[in-house]
Structure formats: C-alpha cells, structure tokens
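S.K.: I have a structure here, written as structure tokens, and I will follow up with some questions on it.
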Amino acid sequence: AWKRLHPETQVLRPDDRSRSGSPFAGYFEDPGKFGITRSIKVDRRLPGKSLVVGIREDNATTAVLLDTLADRAVVQGWVGQTPVAIVSVASRGGFGYDRRVSARTLDFEAGHEGRLRDTQTGSSWDSESGRALAGPLAGERLRRVNSRSAYWFTWATFHPATEILGQDWDSTDEDTPGQ
C-alpha cells in the first residue's frame, strides 16, 4: 500500500549482524521490559507492548489497538471536537481521518476490496488516500489527522490523558464528543 502511494520511497534495512550488541537484544522476549532502562511507569489500561494508533487533535488524544483495528477495519469516535475514523491499512498499520466532508459528518464501515463505505451516501472511499472513488461524493477527500503507530507504553507516557477507542463498546454508536 505504501509503495503504491509513494513509489519513490527507498527502504533502508539494518545489517542483522550489528544487532547482537544492541540494548534491544531480547527486548521482545521480556514482556515486562519497557524501554532500555525499565524506568518507565506503565499505564496499565493496556499491555505496555501493545501496538496502537495514537491520534492527537484539538489538544486531545486517543488511541486504538492495532489488533482491534485489524479486526474491524475502521473504528470511529471523537478526538476532542473532531469526529474521526481510524482505518486499518496494509497488514499491521493504520491512521485517522476527520469524518467531516462538505459540511456533514460521515459514518464509515468496511466496504469491498479493503475500501470504506460511508453510510449516508453509499460512496466508496480508498482507505489509504482518503479519496472518494465512486458514489455521490466521488472526488472528495478526507483530511488526515495527526496519527502514528506506537507502543502503548510510549504513547501513554507522553499522552497520559489518552482515551481508548474500540474497547468494550462500539464507538460507531457515538453521536457526540465526550460521551
């Protein structure tokens, strides 16, 4: 997906032989090791090494587990006053979009062939570019919000007031922010 959107990208690959003396050797084998020094106070709402997509918008933050995103393809909710759709892309990644287009807030669901579909107009959207490909909104584009993948312990350390979307309730039922 990345290569299709950015064909000029060059990929750097580390020399595997140089990792033997790394402070991260064995890092993934020890679920209790967070960072190099183990001095991080972990937010226990999620396992520390869980991968999340973190969103920062309107001086507010939220996160979605990548595992949740992989299962659902799209998780919706609010970050501050911004209605967002966090979408699954590639095999283990994701990012967020502002759901507002042409003075309306859209609701999205997984469509065919990895695309999104808005429930208001039935338009089909490319999840990687945020562009409507077919339907009444063809040609419109969603604004991407500030999002990144991170370990939960890292994201929560820098954003301790983060809300978590997609846990124990269906965020697509959210009608207004802050509920």
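Ordered as shown in the structure tokens, chains take letters A, B, and onward, while each chain numbers its residues from 1 and ligands are numbered from 1 in the order shown.
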How would you write, as a ChimeraX atom specification, the set of residues in region 37-161 of chain A that DSSP gives as alpha helix (DSSP H)?

M.R.: /A:66-72,152-158

S.K.: Go ahead and save the residues from that selection, with N, CA, C and O atoms, as a PDB file, in the first residue's frame.

M.R.:
```pdb
ATOM      1  N   LEU A  66      -3.995  -1.750  17.497  1.00  0.00           N
ATOM      2  CA  LEU A  66      -3.897  -2.239  16.127  1.00  0.00           C
ATOM      3  C   LEU A  66      -4.633  -3.562  15.966  1.00  0.00           C
ATOM      4  O   LEU A  66      -5.196  -3.829  14.900  1.00  0.00           O
ATOM      5  N   ASP A  67      -4.651  -4.407  17.003  1.00  0.00           N
ATOM      6  CA  ASP A  67      -5.399  -5.659  16.932  1.00  0.00           C
ATOM      7  C   ASP A  67      -6.894  -5.398  16.736  1.00  0.00           C
ATOM      8  O   ASP A  67      -7.555  -6.065  15.948  1.00  0.00           O
ATOM      9  N   THR A  68      -7.439  -4.422  17.446  1.00  0.00           N
ATOM     10  CA  THR A  68      -8.849  -4.047  17.291  1.00  0.00           C
ATOM     11  C   THR A  68      -9.092  -3.529  15.885  1.00  0.00           C
ATOM     12  O   THR A  68     -10.066  -3.889  15.229  1.00  0.00           O
ATOM     13  N   LEU A  69      -8.200  -2.696  15.419  1.00  0.00           N
ATOM     14  CA  LEU A  69      -8.324  -2.116  14.083  1.00  0.00           C
ATOM     15  C   LEU A  69      -8.248  -3.190  13.001  1.00  0.00           C
ATOM     16  O   LEU A  69      -9.006  -3.159  12.036  1.00  0.00           O
ATOM     17  N   ALA A  70      -7.377  -4.156  13.178  1.00  0.00           N
ATOM     18  CA  ALA A  70      -7.264  -5.245  12.198  1.00  0.00           C
ATOM     19  C   ALA A  70      -8.557  -6.057  12.141  1.00  0.00           C
ATOM     20  O   ALA A  70      -8.972  -6.491  11.067  1.00  0.00           O
ATOM     21  N   ASP A  71      -9.223  -6.235  13.281  1.00  0.00           N
ATOM     22  CA  ASP A  71     -10.473  -6.991  13.327  1.00  0.00           C
ATOM     23  C   ASP A  71     -11.638  -6.226  12.698  1.00  0.00           C
ATOM     24  O   ASP A  71     -12.493  -6.816  12.054  1.00  0.00           O
ATOM     25  N   ARG A  72     -11.683  -4.916  12.896  1.00  0.00           N
ATOM     26  CA  ARG A  72     -12.834  -4.122  12.467  1.00  0.00           C
ATOM     27  C   ARG A  72     -12.636  -3.364  11.157  1.00  0.00           C
ATOM     28  O   ARG A  72     -13.603  -2.939  10.562  1.00  0.00           O
ATOM     29  N   TRP A 152       2.017   1.122  23.271  1.00  0.00           N
ATOM     30  CA  TRP A 152       1.148   1.780  24.236  1.00  0.00           C
ATOM     31  C   TRP A 152       1.946   2.467  25.337  1.00  0.00           C
ATOM     32  O   TRP A 152       1.659   3.594  25.707  1.00  0.00           O
ATOM     33  N   PHE A 153       2.977   1.796  25.871  1.00  0.00           N
ATOM     34  CA  PHE A 153       3.713   2.408  26.980  1.00  0.00           C
ATOM     35  C   PHE A 153       4.361   3.725  26.555  1.00  0.00           C
ATOM     36  O   PHE A 153       4.435   4.667  27.340  1.00  0.00           O
ATOM     37  N   THR A 154       4.802   3.812  25.303  1.00  0.00           N
ATOM     38  CA  THR A 154       5.412   5.058  24.827  1.00  0.00           C
ATOM     39  C   THR A 154       4.345   6.125  24.628  1.00  0.00           C
ATOM     40  O   THR A 154       4.491   7.260  25.086  1.00  0.00           O
ATOM     41  N   TRP A 155       3.268   5.775  23.931  1.00  0.00           N
ATOM     42  CA  TRP A 155       2.210   6.752  23.669  1.00  0.00           C
ATOM     43  C   TRP A 155       1.636   7.282  24.988  1.00  0.00           C
ATOM     44  O   TRP A 155       1.487   8.489  25.169  1.00  0.00           O
ATOM     45  N   ALA A 156       1.315   6.377  25.914  1.00  0.00           N
ATOM     46  CA  ALA A 156       0.694   6.782  27.175  1.00  0.00           C
ATOM     47  C   ALA A 156       1.642   7.593  28.056  1.00  0.00           C
ATOM     48  O   ALA A 156       1.198   8.437  28.834  1.00  0.00           O
ATOM     49  N   THR A 157       2.940   7.373  27.939  1.00  0.00           N
ATOM     50  CA  THR A 157       3.903   8.167  28.704  1.00  0.00           C
ATOM     51  C   THR A 157       3.842   9.635  28.289  1.00  0.00           C
ATOM     52  O   THR A 157       3.861  10.528  29.133  1.00  0.00           O
ATOM     53  N   PHE A 158       3.755   9.877  27.001  1.00  0.00           N
ATOM     54  CA  PHE A 158       3.722  11.250  26.505  1.00  0.00           C
ATOM     55  C   PHE A 158       2.314  11.839  26.469  1.00  0.00           C
ATOM     56  O   PHE A 158       2.152  13.057  26.427  1.00  0.00           O
TER      57      PHE A 158
END
```

S.K.: List the spatial neighbours of region 105-110 of chain A as a PyMOL selection string - criterion: any atom at most 12 Å away, only C-alpha atoms, same-chain residues fewer than 6 positions off excluded.

M.R.: chain A and resi 69-78+81-89+97-99+116-127+130+132+137+142+171-176

S.K.: For the selection just defined, write its residues with C-alpha atoms to a file, as a PDB file, in the first residue's frame.

M.R.:
```
ATOM      1  CA  LEU A  69      -8.324  -2.116  14.083  1.00  0.00           C
ATOM      2  CA  ALA A  70      -7.264  -5.245  12.198  1.00  0.00           C
ATOM      3  CA  ASP A  71     -10.473  -6.991  13.327  1.00  0.00           C
ATOM      4  CA  ARG A  72     -12.834  -4.122  12.467  1.00  0.00           C
ATOM      5  CA  ALA A  73     -11.055  -2.295   9.585  1.00  0.00           C
ATOM      6  CA  VAL A  74     -12.473   1.020  10.869  1.00  0.00           C
ATOM      7  CA  VAL A  75     -13.082   2.423  14.356  1.00  0.00           C
ATOM      8  CA  GLN A  76     -14.927   5.710  14.782  1.00  0.00           C
ATOM      9  CA  GLY A  77     -15.230   8.186  17.595  1.00  0.00           C
ATOM     10  CA  TRP A  78     -14.115  11.636  18.640  1.00  0.00           C
ATOM     11  CA  GLN A  81     -14.209  18.106  18.942  1.00  0.00           C
ATOM     12  CA  THR A  82     -13.089  16.242  15.815  1.00  0.00           C
ATOM     13  CA  PRO A  83     -15.086  13.232  14.585  1.00  0.00           C
ATOM     14  CA  VAL A  84     -12.552  10.649  13.418  1.00  0.00           C
ATOM     15  CA  ALA A  85     -12.400   7.358  11.576  1.00  0.00           C
ATOM     16  CA  ILE A  86      -9.281   5.333  12.292  1.00  0.00           C
ATOM     17  CA  VAL A  87      -8.713   2.867   9.463  1.00  0.00           C
ATOM     18  CA  SER A  88      -6.640  -0.256   9.043  1.00  0.00           C
ATOM     19  CA  VAL A  89      -4.115  -0.140   6.208  1.00  0.00           C
ATOM     20  CA  TYR A  97      -9.233  10.790   9.121  1.00  0.00           C
ATOM     21  CA  ASP A  98     -11.520  13.663  10.028  1.00  0.00           C
ATOM     22  CA  ARG A  99     -15.004  12.381   9.105  1.00  0.00           C
ATOM     23  CA  LEU A 116     -14.507   2.183   3.100  1.00  0.00           C
ATOM     24  CA  ARG A 117     -18.159   2.996   2.513  1.00  0.00           C
ATOM     25  CA  ASP A 118     -19.972   5.940   4.055  1.00  0.00           C
ATOM     26  CA  THR A 119     -23.437   5.015   5.293  1.00  0.00           C
ATOM     27  CA  GLN A 120     -25.006   8.374   4.437  1.00  0.00           C
ATOM     28  CA  THR A 121     -24.405   8.359   0.661  1.00  0.00           C
ATOM     29  CA  GLY A 122     -23.024   4.882  -0.060  1.00  0.00           C
ATOM     30  CA  SER A 123     -19.898   6.409  -1.602  1.00  0.00           C
ATOM     31  CA  SER A 124     -16.833   4.160  -1.806  1.00  0.00           C
ATOM     32  CA  TRP A 125     -13.593   5.540  -0.334  1.00  0.00           C
ATOM     33  CA  ASP A 126      -9.972   4.492  -0.725  1.00  0.00           C
ATOM     34  CA  SER A 127      -8.764   3.867   2.826  1.00  0.00           C
ATOM     35  CA  GLY A 130      -8.946   9.128   1.849  1.00  0.00           C
ATOM     36  CA  ALA A 132     -13.984   9.002  -2.588  1.00  0.00           C
ATOM     37  CA  LEU A 137     -19.098  12.135  -3.098  1.00  0.00           C
ATOM     38  CA  LEU A 142     -10.942  13.214   3.830  1.00  0.00           C
ATOM     39  CA  SER A 171     -17.527   3.583  19.146  1.00  0.00           C
ATOM     40  CA  THR A 172     -19.549   3.782  15.917  1.00  0.00           C
ATOM     41  CA  ASP A 173     -22.580   4.464  18.129  1.00  0.00           C
ATOM     42  CA  GLU A 174     -21.024   7.703  19.366  1.00  0.00           C
ATOM     43  CA  ASP A 175     -23.134  10.663  18.270  1.00  0.00           C
ATOM     44  CA  THR A 176     -21.414  13.476  20.113  1.00  0.00           C
TER      45      THR A 176
END
```

S.K.: Just give me the gap between CA of Gly48 (chain A) and CA of Trp2 (chain A) in Å, one decimal is fine.

M.R.: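 Taking CA of Gly48 (chain A) as the start and CA of Trp2 (chain A) as the end point, the length is 27.1 Å.
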
S.K.: So the first atom is CA of Asn146 (chain A) and the second is CA of Glu163 (chain A); what is the distance between them in Å, to one decimal place?

M.R.: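 Separation between CA of Asn146 (chain A) and CA of Glu163 (chain A): 15.3 Å.
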
S.K.: My list of candidates is A:Gly54, A:Lys49, A:Ala63, A:Leu5. Which is closest to Gln167 (chain A) when distances are computed with only C-alpha atoms?

M.R.: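 Smallest distance to Gln167 (chain A) is found for A:Ala63.
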
S.K.: CA of Leu46 (chain A) and CA of Ile164 (chain A), how far apart in Å?

M.R.: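 Value for the CA of Ile164 (chain A)-CA of Leu46 (chain A) distance: 9.2 Å.
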
S.K.: Between A:Val53, A:Ala161, A:Glu8, A:Gly94, which one has atoms that come closest to Ser129 (chain A), using only C-alpha atoms?

M.R.: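 For Ser129 (chain A), the nearest of the given residues is A:Gly94.
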